[in-house]
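The next block is target16.cif, given as mmCIF, C-alpha atoms.
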```
data_coords
loop_
_atom_site.label_atom_id
_atom_site.label_comp_id
_atom_site.auth_asym_id
_atom_site.auth_seq_id
_atom_site.Cartn_x
_atom_site.Cartn_y
_atom_site.Cartn_z
CA MET A 151 -66.03 -40.30 -19.19
CA ALA A 152 -63.58 -37.57 -18.09
CA ALA A 153 -60.88 -38.72 -20.53
CA LEU A 154 -63.37 -38.82 -23.42
CA ALA A 155 -64.78 -35.39 -22.50
CA ARG A 156 -61.29 -33.91 -22.47
CA ALA A 157 -60.27 -35.56 -25.75
CA GLU A 158 -63.33 -34.11 -27.50
CA THR A 159 -62.78 -30.53 -26.38
CA VAL A 160 -59.03 -29.95 -25.87
CA LEU A 161 -56.51 -30.80 -28.58
CA PRO A 162 -53.22 -32.21 -27.20
CA LEU A 163 -50.68 -29.37 -27.02
CA TRP A 164 -48.11 -31.13 -29.22
CA VAL A 165 -50.70 -31.44 -32.01
CA GLU A 166 -51.57 -27.76 -31.80
CA GLU A 167 -47.87 -26.90 -31.91
CA ALA A 168 -47.34 -29.11 -34.96
CA ILE A 169 -50.14 -27.22 -36.76
CA ARG A 170 -48.68 -23.85 -35.72
CA GLU A 171 -45.22 -24.84 -36.99
CA ALA A 172 -46.64 -26.05 -40.29
CA ALA A 173 -48.61 -22.80 -40.71
CA ALA A 174 -45.41 -20.78 -40.27
CA LYS A 175 -43.71 -22.71 -43.07
CA GLU A 176 -46.67 -23.05 -45.45
CA ARG A 177 -46.23 -21.21 -48.78
CA SER A 178 -49.81 -21.29 -50.08
CA ALA A 179 -52.07 -18.45 -48.86
CA ILE A 180 -55.21 -20.62 -49.11
CA ALA A 181 -53.49 -23.38 -47.13
CA ARG A 182 -52.45 -20.86 -44.46
CA SER A 183 -56.07 -19.67 -44.19
CA GLN A 184 -57.20 -23.26 -43.48
CA LEU A 185 -54.54 -23.75 -40.82
CA SER A 186 -55.34 -20.48 -39.08
CA ALA A 187 -59.07 -21.36 -39.05
CA ILE A 188 -58.11 -24.67 -37.43
CA LEU A 189 -56.06 -22.90 -34.73
CA GLU A 190 -58.92 -20.49 -34.03
CA ASN A 191 -61.32 -23.43 -33.79
CA VAL A 192 -59.04 -25.16 -31.28
CA GLU A 193 -59.11 -22.07 -29.06
CA ILE A 194 -62.90 -21.65 -29.23
CA ALA A 195 -63.52 -25.31 -28.40
CA ALA A 196 -61.19 -25.33 -25.39
CA ALA A 197 -62.50 -22.02 -24.04
CA GLY A 198 -66.14 -23.06 -24.38
CA GLY A 199 -65.71 -26.71 -23.45
CA VAL A 200 -67.46 -27.73 -26.68
CA PRO A 201 -66.40 -30.48 -29.10
CA LEU A 202 -63.75 -29.38 -31.61
CA CYS A 203 -65.61 -31.14 -34.38
CA GLN A 204 -69.29 -32.07 -34.73
CA ASP A 205 -68.08 -35.54 -35.69
CA THR A 206 -67.33 -36.63 -32.15
CA GLY A 207 -66.36 -39.99 -33.59
CA LEU A 208 -66.74 -43.60 -32.59
CA PRO A 209 -65.57 -44.44 -29.07
CA VAL A 210 -62.16 -46.11 -29.34
CA PHE A 211 -60.11 -46.69 -26.18
CA ARG A 212 -56.66 -48.06 -25.57
CA LEU A 213 -56.30 -49.89 -22.25
CA GLU A 214 -52.81 -50.44 -20.90
CA ILE A 215 -53.32 -52.98 -18.17
CA GLY A 216 -50.58 -53.58 -15.59
CA ARG A 217 -49.75 -57.27 -15.40
CA ASN A 218 -49.94 -57.19 -11.58
CA LEU A 219 -53.57 -56.06 -11.66
CA SER A 220 -56.56 -58.29 -11.29
CA ILE A 221 -59.10 -56.98 -13.74
CA PRO A 222 -62.55 -56.24 -12.33
CA PRO A 223 -65.30 -58.11 -14.19
CA PHE A 224 -67.19 -54.87 -14.85
CA LEU A 225 -64.37 -53.03 -16.68
CA GLU A 226 -65.93 -53.13 -20.18
CA LYS A 227 -69.35 -52.21 -18.77
CA ALA A 228 -67.87 -49.29 -16.86
CA ILE A 229 -66.23 -47.90 -20.01
CA ALA A 230 -69.48 -48.26 -21.97
CA GLU A 231 -71.26 -46.42 -19.15
CA GLY A 232 -68.65 -43.64 -19.41
CA VAL A 233 -69.40 -43.35 -23.15
CA ARG A 234 -73.15 -43.09 -22.47
CA ARG A 235 -72.56 -40.39 -19.85
CA ALA A 236 -70.19 -38.44 -22.11
CA THR A 237 -72.75 -38.65 -24.94
CA GLU A 238 -75.33 -37.08 -22.65
CA GLU A 239 -73.14 -34.62 -20.76
CA VAL A 240 -70.44 -33.27 -23.12
CA PRO A 241 -72.62 -33.79 -25.28
CA LEU A 242 -71.48 -36.04 -28.15
CA ARG A 243 -73.32 -36.64 -31.40
CA PRO A 244 -74.87 -40.12 -31.50
CA ASN A 245 -72.91 -41.67 -34.36
CA ALA A 246 -73.11 -45.43 -33.87
CA VAL A 247 -75.54 -47.18 -36.22
CA ASP A 248 -76.23 -50.78 -37.21
CA PRO A 249 -74.20 -51.32 -40.41
CA LEU A 250 -77.08 -52.97 -42.28
CA THR A 251 -80.29 -51.37 -40.97
CA ARG A 252 -78.48 -48.03 -40.31
CA LYS A 253 -80.52 -47.71 -37.10
CA ASN A 254 -78.79 -45.43 -34.57
CA SER A 255 -78.26 -46.92 -31.09
CA GLY A 256 -78.70 -43.38 -29.71
CA ASP A 257 -75.86 -43.43 -27.15
CA ASN A 258 -72.73 -44.42 -29.10
CA THR A 259 -72.67 -47.89 -27.51
CA GLY A 260 -73.86 -51.30 -28.68
CA PRO A 261 -72.39 -54.41 -30.33
CA GLY A 262 -68.63 -53.83 -30.75
CA MET A 263 -68.76 -50.28 -29.35
CA PRO A 264 -66.86 -48.98 -27.50
CA ASP A 265 -63.90 -50.55 -29.28
CA LEU A 266 -61.22 -51.53 -26.75
CA ILE A 267 -57.57 -52.01 -27.77
CA ILE A 268 -55.93 -53.92 -24.95
CA ASP A 269 -52.20 -54.05 -24.16
CA LEU A 270 -50.60 -55.78 -21.19
CA VAL A 271 -47.80 -53.69 -19.66
CA PRO A 272 -45.53 -54.02 -16.62
CA GLY A 273 -46.74 -52.57 -13.32
CA ASP A 274 -49.92 -52.19 -11.32
CA CYS A 275 -51.67 -49.28 -13.04
CA LEU A 276 -54.48 -49.13 -15.54
CA ARG A 277 -54.12 -46.42 -18.17
CA ILE A 278 -57.16 -45.60 -20.28
CA THR A 279 -56.68 -43.50 -23.42
CA ALA A 280 -59.77 -42.13 -25.12
CA PHE A 281 -59.15 -41.91 -28.87
CA PRO A 282 -62.45 -40.90 -30.50
CA LYS A 283 -62.27 -41.65 -34.22
CA GLY A 284 -64.14 -39.52 -36.77
CA ALA A 285 -65.42 -40.96 -40.03
CA GLY A 286 -63.77 -38.53 -42.46
CA SER A 287 -60.30 -39.84 -41.80
CA GLU A 288 -61.35 -43.41 -41.01
CA ASN A 289 -63.08 -43.57 -44.42
CA GLY A 290 -59.82 -42.55 -46.10
CA SER A 291 -57.94 -45.44 -44.50
CA PHE A 292 -56.99 -48.49 -46.57
CA LEU A 293 -55.35 -51.90 -46.62
CA ALA A 294 -53.67 -53.76 -49.47
CA MET A 295 -52.04 -57.16 -49.81
CA LEU A 296 -49.13 -56.07 -52.00
CA ASN A 297 -46.73 -58.23 -53.97
CA PRO A 298 -43.38 -58.57 -52.13
CA ALA A 299 -41.77 -57.02 -55.23
CA ASP A 300 -43.77 -53.77 -54.75
CA ASP A 301 -42.43 -50.67 -52.98
CA PRO A 302 -44.75 -50.26 -49.95
CA LEU A 303 -43.63 -46.70 -49.08
CA ASP A 304 -44.20 -45.36 -52.58
CA PHE A 305 -47.65 -47.00 -52.56
CA VAL A 306 -48.49 -45.36 -49.21
CA ALA A 307 -47.30 -41.88 -50.31
CA VAL A 308 -49.33 -41.91 -53.52
CA GLU A 309 -52.50 -43.29 -51.91
CA VAL A 310 -52.33 -40.91 -48.93
CA ALA A 311 -51.85 -37.89 -51.19
CA LYS A 312 -54.94 -38.97 -53.15
CA ARG A 313 -57.13 -39.44 -50.07
CA ALA A 314 -55.89 -36.80 -47.61
CA GLY A 315 -58.04 -33.95 -48.96
CA ARG A 316 -61.22 -35.76 -48.03
CA ALA A 317 -59.78 -36.90 -44.70
CA CYS A 318 -59.45 -33.32 -43.37
CA ALA A 319 -55.76 -32.85 -44.10
CA PRO A 320 -53.30 -32.09 -42.64
CA VAL A 321 -53.44 -35.70 -41.51
CA PHE A 322 -51.49 -38.07 -39.31
CA VAL A 323 -50.57 -41.28 -41.10
CA GLY A 324 -50.44 -44.53 -39.13
CA VAL A 325 -48.76 -47.22 -41.25
CA GLY A 326 -48.74 -50.96 -40.51
CA ILE A 327 -46.45 -53.05 -42.71
CA GLY A 328 -46.22 -56.81 -42.42
CA GLY A 329 -47.98 -59.33 -40.22
CA THR A 330 -51.22 -60.87 -41.38
CA PHE A 331 -54.24 -59.17 -42.97
CA ASP A 332 -55.66 -58.00 -39.63
CA LEU A 333 -52.35 -57.52 -37.83
CA ALA A 334 -51.34 -54.94 -40.44
CA ALA A 335 -54.51 -52.95 -39.64
CA ARG A 336 -53.91 -53.21 -35.89
CA LEU A 337 -50.32 -52.00 -36.36
CA ALA A 338 -51.62 -49.00 -38.31
CA LYS A 339 -54.06 -48.08 -35.51
CA LYS A 340 -51.31 -48.51 -32.89
CA ALA A 341 -48.99 -46.33 -34.97
CA LEU A 342 -51.57 -43.53 -34.62
CA LEU A 343 -51.64 -44.01 -30.85
CA ARG A 344 -47.84 -43.68 -30.73
CA MET A 345 -47.66 -40.58 -32.94
CA PRO A 346 -45.53 -38.75 -33.94
CA GLY A 347 -42.95 -41.04 -35.48
CA THR A 348 -39.32 -39.97 -35.31
CA SER A 349 -37.39 -42.64 -37.20
CA GLU A 350 -35.54 -41.78 -40.37
CA LEU A 351 -38.03 -43.81 -42.40
CA ASP A 352 -41.00 -42.03 -40.77
CA ARG A 353 -39.52 -38.66 -41.67
CA LYS A 354 -38.66 -39.72 -45.20
CA LEU A 355 -42.24 -40.87 -45.87
CA LEU A 356 -43.59 -37.63 -44.34
CA THR A 357 -41.44 -35.56 -46.71
CA GLU A 358 -42.52 -37.70 -49.66
CA ILE A 359 -46.25 -37.26 -48.86
CA ASN A 360 -45.91 -33.49 -48.40
CA ARG A 361 -43.97 -33.13 -51.65
CA ILE A 362 -47.05 -34.16 -53.66
CA GLY A 363 -48.86 -30.93 -52.71
CA THR A 364 -52.41 -32.08 -51.80
CA GLY A 365 -52.39 -29.54 -48.95
CA PRO A 366 -54.85 -28.73 -46.15
CA MET A 367 -58.37 -29.93 -47.06
CA GLY A 368 -57.08 -30.89 -50.53
CA LEU A 369 -56.96 -27.23 -51.60
CA GLY A 370 -53.24 -27.38 -52.39
CA GLY A 371 -50.16 -26.56 -50.30
CA ASP A 372 -47.12 -27.91 -48.50
CA THR A 373 -48.95 -29.29 -45.45
CA THR A 374 -50.65 -32.58 -46.34
CA ALA A 375 -49.42 -34.58 -43.33
CA LEU A 376 -48.22 -33.51 -39.89
CA GLY A 377 -46.86 -36.84 -38.75
CA VAL A 378 -46.12 -40.36 -39.98
CA ARG A 379 -45.36 -43.46 -37.96
CA ILE A 380 -44.54 -46.87 -39.38
CA GLU A 381 -44.97 -50.04 -37.30
CA THR A 382 -43.81 -53.36 -38.67
CA ALA A 383 -44.15 -57.07 -37.93
CA LEU A 384 -42.75 -60.14 -39.64
CA CYS A 385 -44.84 -61.33 -42.53
CA HIS A 386 -45.02 -64.45 -44.67
CA THR A 387 -42.29 -64.66 -47.29
CA ALA A 388 -45.01 -64.64 -49.97
CA SER A 389 -46.88 -61.61 -48.53
CA LEU A 390 -46.60 -57.86 -48.10
CA PRO A 391 -49.63 -56.54 -46.18
CA VAL A 392 -49.76 -52.74 -45.93
CA ALA A 393 -52.41 -50.89 -43.92
CA VAL A 394 -52.80 -47.16 -43.45
CA ASN A 395 -55.01 -45.63 -40.79
CA LEU A 396 -55.51 -41.92 -41.38
CA GLN A 397 -56.22 -39.44 -38.62
CA CYS A 398 -57.43 -35.91 -39.37
CA TRP A 399 -55.65 -32.85 -37.91
CA ALA A 400 -57.94 -33.18 -34.86
CA ASN A 401 -55.80 -35.95 -33.39
CA ARG A 402 -57.91 -36.12 -30.25
CA SER A 403 -56.82 -38.17 -27.30
CA ALA A 404 -56.64 -37.97 -23.53
CA SER A 405 -55.49 -40.48 -20.94
CA ALA A 406 -56.51 -41.32 -17.40
CA THR A 407 -54.31 -43.34 -15.05
CA VAL A 408 -56.15 -45.46 -12.50
CA ARG A 409 -54.43 -46.62 -9.29
CA ASP A 410 -55.64 -48.24 -6.08
CA ASP A 411 -56.00 -44.82 -4.47
CA GLY A 412 -57.81 -43.02 -7.28
CA TRP A 413 -57.33 -41.69 -10.79
CA ASN A 414 -56.14 -38.63 -12.63
CA ILE A 415 -56.13 -37.27 -16.17
CA ASP A 416 -52.65 -36.59 -17.48
CA MET B 49 -62.23 -11.16 -54.29
CA GLU B 50 -64.59 -11.12 -51.32
CA HIS B 51 -68.36 -11.70 -51.54
CA ARG B 52 -70.96 -11.16 -48.80
CA LEU B 53 -74.06 -13.01 -49.97
CA LYS B 54 -77.60 -13.21 -48.67
CA THR B 55 -79.99 -16.07 -49.45
CA PRO B 56 -81.69 -16.74 -51.81
CA ILE B 57 -78.67 -16.63 -54.12
CA SER B 58 -79.11 -15.40 -57.70
CA GLY B 59 -77.58 -16.77 -60.89
CA GLU B 60 -75.60 -13.53 -61.32
CA GLU B 61 -74.13 -13.83 -57.83
CA VAL B 62 -72.96 -17.36 -58.58
CA ALA B 63 -71.53 -16.35 -61.94
CA ALA B 64 -69.39 -13.68 -60.23
CA LEU B 65 -67.64 -16.24 -57.99
CA ARG B 66 -64.17 -17.40 -59.02
CA ALA B 67 -62.15 -20.27 -57.60
CA GLY B 68 -60.04 -18.85 -54.76
CA ASP B 69 -62.50 -16.07 -53.80
CA LEU B 70 -63.75 -15.73 -50.22
CA VAL B 71 -67.46 -15.87 -49.34
CA TRP B 72 -69.54 -15.03 -46.25
CA ILE B 73 -73.18 -16.16 -46.20
CA SER B 74 -76.19 -14.76 -44.34
CA GLY B 75 -79.69 -16.20 -44.41
CA THR B 76 -81.08 -19.72 -44.61
CA VAL B 77 -78.80 -22.75 -44.91
CA TYR B 78 -80.04 -26.35 -45.13
CA THR B 79 -77.94 -29.26 -43.87
CA ALA B 80 -78.00 -32.35 -46.06
CA ARG B 81 -75.93 -35.50 -45.91
CA ASP B 82 -76.35 -39.12 -46.98
CA ARG B 83 -79.99 -39.73 -46.03
CA VAL B 84 -81.37 -36.39 -47.28
CA HIS B 85 -79.45 -36.81 -50.55
CA ALA B 86 -80.97 -40.27 -50.99
CA LEU B 87 -84.40 -38.62 -50.72
CA LEU B 88 -83.39 -35.86 -53.13
CA ALA B 89 -82.15 -38.38 -55.68
CA SER B 90 -85.30 -40.49 -55.45
CA GLY B 91 -87.33 -37.46 -56.54
CA GLU B 92 -89.07 -37.29 -53.15
CA LYS B 93 -90.81 -34.00 -52.32
CA LEU B 94 -88.95 -32.22 -49.53
CA PRO B 95 -90.57 -29.80 -47.09
CA ILE B 96 -88.29 -26.94 -48.19
CA ASP B 97 -87.85 -24.61 -51.17
CA LEU B 98 -84.49 -25.16 -52.84
CA ALA B 99 -84.68 -22.32 -55.41
CA GLY B 100 -81.53 -20.22 -54.86
CA ALA B 101 -80.79 -22.27 -51.76
CA VAL B 102 -77.55 -23.00 -49.91
CA ILE B 103 -76.99 -26.67 -49.03
CA TYR B 104 -74.46 -27.52 -46.31
CA HIS B 105 -72.90 -30.99 -46.18
CA CYS B 106 -73.05 -31.21 -42.41
CA GLY B 107 -74.40 -33.35 -39.59
CA PRO B 108 -74.37 -30.85 -36.73
CA LEU B 109 -74.05 -31.40 -33.01
CA ILE B 110 -77.07 -29.64 -31.49
CA ARG B 111 -78.34 -29.51 -27.91
CA ASP B 112 -81.63 -27.86 -26.86
CA GLY B 113 -81.89 -25.83 -30.06
CA THR B 114 -78.32 -24.49 -29.85
CA VAL B 115 -75.67 -25.32 -32.45
CA LEU B 116 -72.62 -26.54 -30.48
CA SER B 117 -70.41 -27.79 -33.30
CA ALA B 118 -71.20 -27.79 -37.02
CA GLY B 119 -68.28 -28.24 -39.39
CA PRO B 120 -68.64 -29.80 -42.84
CA THR B 121 -68.80 -33.52 -43.59
CA THR B 122 -66.98 -35.14 -46.53
CA SER B 123 -68.73 -34.04 -49.73
CA GLY B 124 -67.34 -36.95 -51.71
CA ARG B 125 -69.98 -39.28 -50.28
CA VAL B 126 -72.88 -37.30 -51.74
CA GLY B 127 -71.15 -35.77 -54.76
CA ARG B 128 -72.84 -38.28 -57.08
CA PHE B 129 -76.18 -36.51 -56.46
CA THR B 130 -74.91 -33.07 -57.51
CA ARG B 131 -76.89 -33.03 -60.76
CA GLU B 132 -80.18 -33.68 -58.93
CA VAL B 133 -79.35 -31.12 -56.23
CA VAL B 134 -78.50 -28.40 -58.73
CA GLY B 135 -81.52 -29.42 -60.80
CA ARG B 136 -83.73 -28.48 -57.86
CA GLY B 137 -82.38 -24.93 -57.88
CA VAL B 138 -79.58 -25.10 -55.32
CA ARG B 139 -77.00 -22.36 -56.07
CA LEU B 140 -74.32 -22.96 -53.45
CA ILE B 141 -73.05 -26.20 -51.96
CA VAL B 142 -70.85 -25.90 -48.87
CA GLY B 143 -68.73 -28.85 -47.75
CA LYS B 144 -65.19 -30.18 -47.52
CA GLY B 145 -62.97 -32.31 -49.71
CA GLY B 146 -64.68 -31.36 -52.96
CA ILE B 147 -66.83 -33.00 -55.62
CA SER B 148 -64.36 -32.76 -58.50
CA GLU B 149 -65.84 -35.75 -60.34
CA GLU B 150 -69.15 -33.90 -60.53
CA ALA B 151 -67.81 -30.40 -61.29
CA GLU B 152 -69.51 -30.46 -64.70
CA ALA B 153 -72.93 -30.61 -63.02
CA LEU B 154 -72.21 -27.19 -61.45
CA ARG B 155 -71.24 -25.46 -64.69
CA GLY B 156 -73.23 -22.27 -65.32
CA ARG B 157 -75.58 -22.92 -62.43
CA ALA B 158 -73.93 -23.37 -59.03
CA ALA B 159 -70.66 -23.23 -57.09
CA TYR B 160 -69.00 -25.39 -54.45
CA LEU B 161 -67.55 -23.66 -51.37
CA ALA B 162 -65.02 -25.22 -48.98
CA TYR B 163 -65.39 -24.60 -45.25
CA PRO B 164 -62.38 -25.82 -43.22
CA GLY B 165 -63.03 -29.40 -42.10
CA GLY B 166 -63.11 -30.13 -38.39
CA CYS B 167 -63.80 -26.49 -37.49
CA GLY B 168 -67.15 -27.26 -35.88
CA ALA B 169 -66.83 -24.96 -32.89
CA LEU B 170 -65.83 -22.08 -35.18
CA ALA B 171 -68.80 -22.55 -37.55
CA ALA B 172 -71.25 -22.84 -34.65
CA ARG B 173 -70.68 -19.20 -33.70
CA GLN B 174 -72.40 -17.97 -36.87
CA LEU B 175 -75.17 -20.56 -37.14
CA SER B 176 -78.44 -20.88 -35.22
CA VAL B 177 -81.34 -23.34 -35.46
CA LYS B 178 -84.56 -22.31 -37.20
CA ARG B 179 -86.18 -25.75 -37.34
CA LEU B 180 -85.57 -29.45 -37.88
CA HIS B 181 -87.27 -31.13 -40.84
CA LEU B 182 -87.38 -34.94 -41.04
CA PRO B 183 -86.52 -35.46 -37.34
CA GLU B 184 -86.99 -39.20 -37.82
CA LEU B 185 -83.55 -39.26 -39.54
CA GLY B 186 -81.82 -38.30 -36.28
CA MET B 187 -79.41 -35.52 -35.29
CA ALA B 188 -76.67 -36.16 -37.86
CA GLU B 189 -78.83 -37.14 -40.83
CA GLY B 190 -81.85 -34.87 -40.27
CA LEU B 191 -82.54 -31.81 -42.42
CA TRP B 192 -81.72 -28.80 -40.24
CA GLU B 193 -82.84 -25.37 -41.37
CA LEU B 194 -80.18 -23.05 -39.97
CA GLU B 195 -79.90 -19.27 -39.90
CA ALA B 196 -76.44 -18.03 -40.87
CA GLU B 197 -75.12 -14.63 -39.93
CA GLY B 198 -71.97 -13.54 -41.73
CA TRP B 199 -70.95 -17.19 -41.83
CA GLY B 200 -67.46 -17.63 -43.27
CA PRO B 201 -65.03 -17.12 -44.71
CA MET B 202 -65.30 -20.05 -47.04
CA ILE B 203 -63.32 -20.50 -50.21
CA VAL B 204 -64.82 -20.88 -53.66
CA ALA B 205 -63.22 -24.24 -54.46
CA ILE B 206 -65.16 -25.09 -57.65
CA ASP B 207 -66.78 -22.22 -59.53
CA ALA B 208 -69.55 -22.25 -62.16
CA SER B 209 -67.16 -21.75 -65.05
CA GLY B 210 -64.90 -24.76 -64.50
CA GLY B 211 -62.32 -23.35 -62.04
CA ASP B 212 -61.38 -26.10 -59.54
CA LEU B 213 -58.80 -25.71 -56.74
CA TYR B 214 -58.73 -29.48 -56.07
CA ARG B 215 -57.80 -30.18 -59.67
CA GLU B 216 -55.08 -27.52 -59.48
CA ALA B 217 -53.75 -29.06 -56.26
CA ARG B 218 -53.40 -32.41 -57.98
CA CYS B 219 -51.20 -30.77 -60.62
CA TYR B 220 -49.11 -28.88 -58.05
CA ARG B 221 -45.58 -30.05 -57.39
CA VAL B 222 -42.96 -28.81 -55.01
CA GLY B 223 -40.99 -25.90 -56.45
CA ALA B 224 -44.00 -24.57 -58.35
CA SER B 225 -44.88 -21.05 -57.27
CA LYS B 226 -48.26 -20.74 -55.57
CA PRO B 227 -49.91 -17.44 -54.63
#
```
Before we go any further, please render this structure as structure tokens.
Amino acid sequence: MAALARAETVLPLWVEEAIREAAAKERSAIARSQLSAILENVEIAAAGGVPLCQDTGLPVFRLEIGRNLSIPPFLEKAIAEGVRRATEEVPLRPNAVDPLTRKNSGDNTGPGMPDLIIDLVPGDCLRITAFPKGAGSENGSFLAMLNPADDPLDFVAVEVAKRAGRACAPVFVGVGIGGTFDLAARLAKKALLRMPGTSELDRKLLTEINRIGTGPMGLGGDTTALGVRIETALCHTASLPVAVNLQCWANRSASATVRDDGWNID
Amino acid sequence: MEHRLKTPISGEEVAALRAGDLVWISGTVYTARDRVHALLASGEKLPIDLAGAVIYHCGPLIRDGTVLSAGPTTSGRVGRFTREVVGRGVRLIVGKGGISEEAEALRGRAAYLAYPGGCGALAARQLSVKRLHLPELGMAEGLWELEAEGWGPMIVAIDASGGDLYREARCYRVGASKP
């Protein structure tokens, strides 16, 4: 509950700094106006303790579970309870609906929600990262089973430039290449959780995306993406799965570390 | 150019807007997203007067009658209904991401304004709740009648005479000079 509340209202400092840096370099006046509105919004939300964006997202959490821990049987229920409390107390907009009837569950929980991404790690801590995911950028995400002869990075740059305007650019681009159909998508989501990427390939793709000129909110400019990270896995010799998970500028996340003697938000 | 407009919006006021201009709006603003647009498209009678109206693509976060966060939602999802919306008299559509495919439906009649996406806390400062129509659609999808006071600035992204910043952005390449 505390991690989700913080993620919704306070943008991680490194994200804010990335936006500030981009604004200083941006050549388009309209693009600069969008970036300065974003920075003003970040300040207002943090000062007032209100959600940065009315789309408070779907509740996605990453759990890093120490291998030495024995997992309490109520862990999933406790996280769902935290989502219900955050929905009431922050408050969050009830966003979760049945995909066919479109009926809203009213509290952001229900079948499949919250979505838990579980990783086993060394140690005896439990680290919970709240990563609320808005629809604008999730809707711009995509997956393709390319031909091994295709250039996956060129494909990603062109598709991202086309979609970023509607995904509240400047965006963060999580790329999963390889694996199976669903592993590629999981790699893309994990790439977002490990943002920003720093490899030479990450930086090259970032430059390529920004060269196309989609700009903040699609209104034109140099700042289409703020960060790119590519995660790979082996794939079948006949396959080339490529998945891209987009994240809007509001790259909201906050983590809580739980130990035997208590917990804290870091 | 800068424009401070008060609802209802006239045809002359819309005609004076050019892509790239800044706009501030005061008066009544109606939120409308997927569900309200489905009603609009089906020809359903709505409990509001859309002549000269401002429609906002937004599903706000509201608690006890106070707007907490109310940035725009992606206009692309409801762009296909632009002709029906404009046909009902709507003069300004506020959203994010654009409706370039439907820009022709605006020509001579209405304009599309871009409010910065994700800036919900910022927008909330200039918006207050007048009433909720169609509460059965829920908080995000309901038709909120909001009062705007000097709400902006927003950018004229698609004007009534064919100017379209999104289309220009698609033609923009590095090295090109941009104002």
Name every residue that the PyMOL selection byres ((chain A) within 7 of (chain B)) selects in this structure, writing the answer as a PyMOL selection string with chains first and numbers rising. chain A and resi 178-179+184+187-188+191+194-195+200-204+243+286+315-316+318+361-364+367-370+400
Polymer residues at most 12 Å from Ser349 in chain A, all atoms listed in the file, same-chain spacing of 3 or more positions, as a list in words: Met345, Pro346, Asp352, Arg353, Lys354, Leu355, Leu356, Gly377, Val378, Arg379, Ile380 and Glu381 of chain A
List the neighbours of range 301-303 of chain A out to 10 Å using all atoms listed in the file; skip same-chain residues closer than 2 positions along the sequence, and give me the result as a list in words. Ala294, Leu296, Asn297, Pro298, Ala299, Phe305, Val306, Ala307, Val308, Glu309, Val325, Ile327, Leu351, Asp352, Lys354, Leu355, Glu358, Ile359, Ile380, Leu390, Pro391, Val392 and Ala393 of chain A
Report as a compact mmCIF listing (two decimals) with C-alpha atoms, in the coordinates of the input all protein, DNA and RNA residues lying within 12 Å of Phe292 in chain A, evaluated on all atoms listed in the file, omitting residues in the same chain fewer than 2 positions from it.
```txt
# COMPACT_ATOMS: atom_id res chain seq x y z
CA SER A 287 -60.30 -39.84 -41.80
CA GLU A 288 -61.35 -43.41 -41.01
CA ASN A 289 -63.08 -43.57 -44.42
CA GLY A 290 -59.82 -42.55 -46.10
CA ALA A 294 -53.67 -53.76 -49.47
CA MET A 295 -52.04 -57.16 -49.81
CA PHE A 305 -47.65 -47.00 -52.56
CA VAL A 306 -48.49 -45.36 -49.21
CA GLU A 309 -52.50 -43.29 -51.91
CA VAL A 310 -52.33 -40.91 -48.93
CA LYS A 312 -54.94 -38.97 -53.15
CA ARG A 313 -57.13 -39.44 -50.07
CA ALA A 314 -55.89 -36.80 -47.61
CA VAL A 323 -50.57 -41.28 -41.10
CA GLY A 324 -50.44 -44.53 -39.13
CA VAL A 325 -48.76 -47.22 -41.25
CA GLY A 326 -48.74 -50.96 -40.51
CA PHE A 331 -54.24 -59.17 -42.97
CA ASP A 332 -55.66 -58.00 -39.63
CA ALA A 334 -51.34 -54.94 -40.44
CA ALA A 335 -54.51 -52.95 -39.64
CA ALA A 338 -51.62 -49.00 -38.31
CA LYS A 339 -54.06 -48.08 -35.51
CA PRO A 391 -49.63 -56.54 -46.18
CA VAL A 392 -49.76 -52.74 -45.93
CA ALA A 393 -52.41 -50.89 -43.92
CA VAL A 394 -52.80 -47.16 -43.45
CA ASN A 395 -55.01 -45.63 -40.79
CA LEU A 396 -55.51 -41.92 -41.38
```
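Among the candidates A:Phe211, A:Leu266, A:Pro366, A:Gly232, the residue lying nearest to Glu176 in chain A is A:Pro366 (atoms considered: all atoms listed in the file).
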Closest to Asp97 in chain B among B:Ser58, B:Thr130, B:Gln174, B:Thr76, using only C-alpha atoms? B:Thr76
Expanded to explicit residues, what is the PyMOL selection byres ((chain B and resi 151) around 9) for this file, as a PDB file with C-alpha atoms, keeping the file's coordinate frame?
```
ATOM      1  CA  THR B 130     -74.910 -33.070 -57.510  1.00  0.00           C
ATOM      2  CA  GLY B 146     -64.680 -31.360 -52.960  1.00  0.00           C
ATOM      3  CA  ILE B 147     -66.830 -33.000 -55.620  1.00  0.00           C
ATOM      4  CA  SER B 148     -64.360 -32.760 -58.500  1.00  0.00           C
ATOM      5  CA  GLU B 149     -65.840 -35.750 -60.340  1.00  0.00           C
ATOM      6  CA  GLU B 150     -69.150 -33.900 -60.530  1.00  0.00           C
ATOM      7  CA  GLU B 152     -69.510 -30.460 -64.700  1.00  0.00           C
ATOM      8  CA  ALA B 153     -72.930 -30.610 -63.020  1.00  0.00           C
ATOM      9  CA  LEU B 154     -72.210 -27.190 -61.450  1.00  0.00           C
ATOM     10  CA  ARG B 155     -71.240 -25.460 -64.690  1.00  0.00           C
ATOM     11  CA  ALA B 159     -70.660 -23.230 -57.090  1.00  0.00           C
ATOM     12  CA  TYR B 160     -69.000 -25.390 -54.450  1.00  0.00           C
ATOM     13  CA  ILE B 206     -65.160 -25.090 -57.650  1.00  0.00           C
ATOM     14  CA  ASP B 207     -66.780 -22.220 -59.530  1.00  0.00           C
ATOM     15  CA  ALA B 208     -69.550 -22.250 -62.160  1.00  0.00           C
ATOM     16  CA  GLY B 210     -64.900 -24.760 -64.500  1.00  0.00           C
ATOM     17  CA  GLY B 211     -62.320 -23.350 -62.040  1.00  0.00           C
ATOM     18  CA  ASP B 212     -61.380 -26.100 -59.540  1.00  0.00           C
TER      19      ASP B 212
END
```
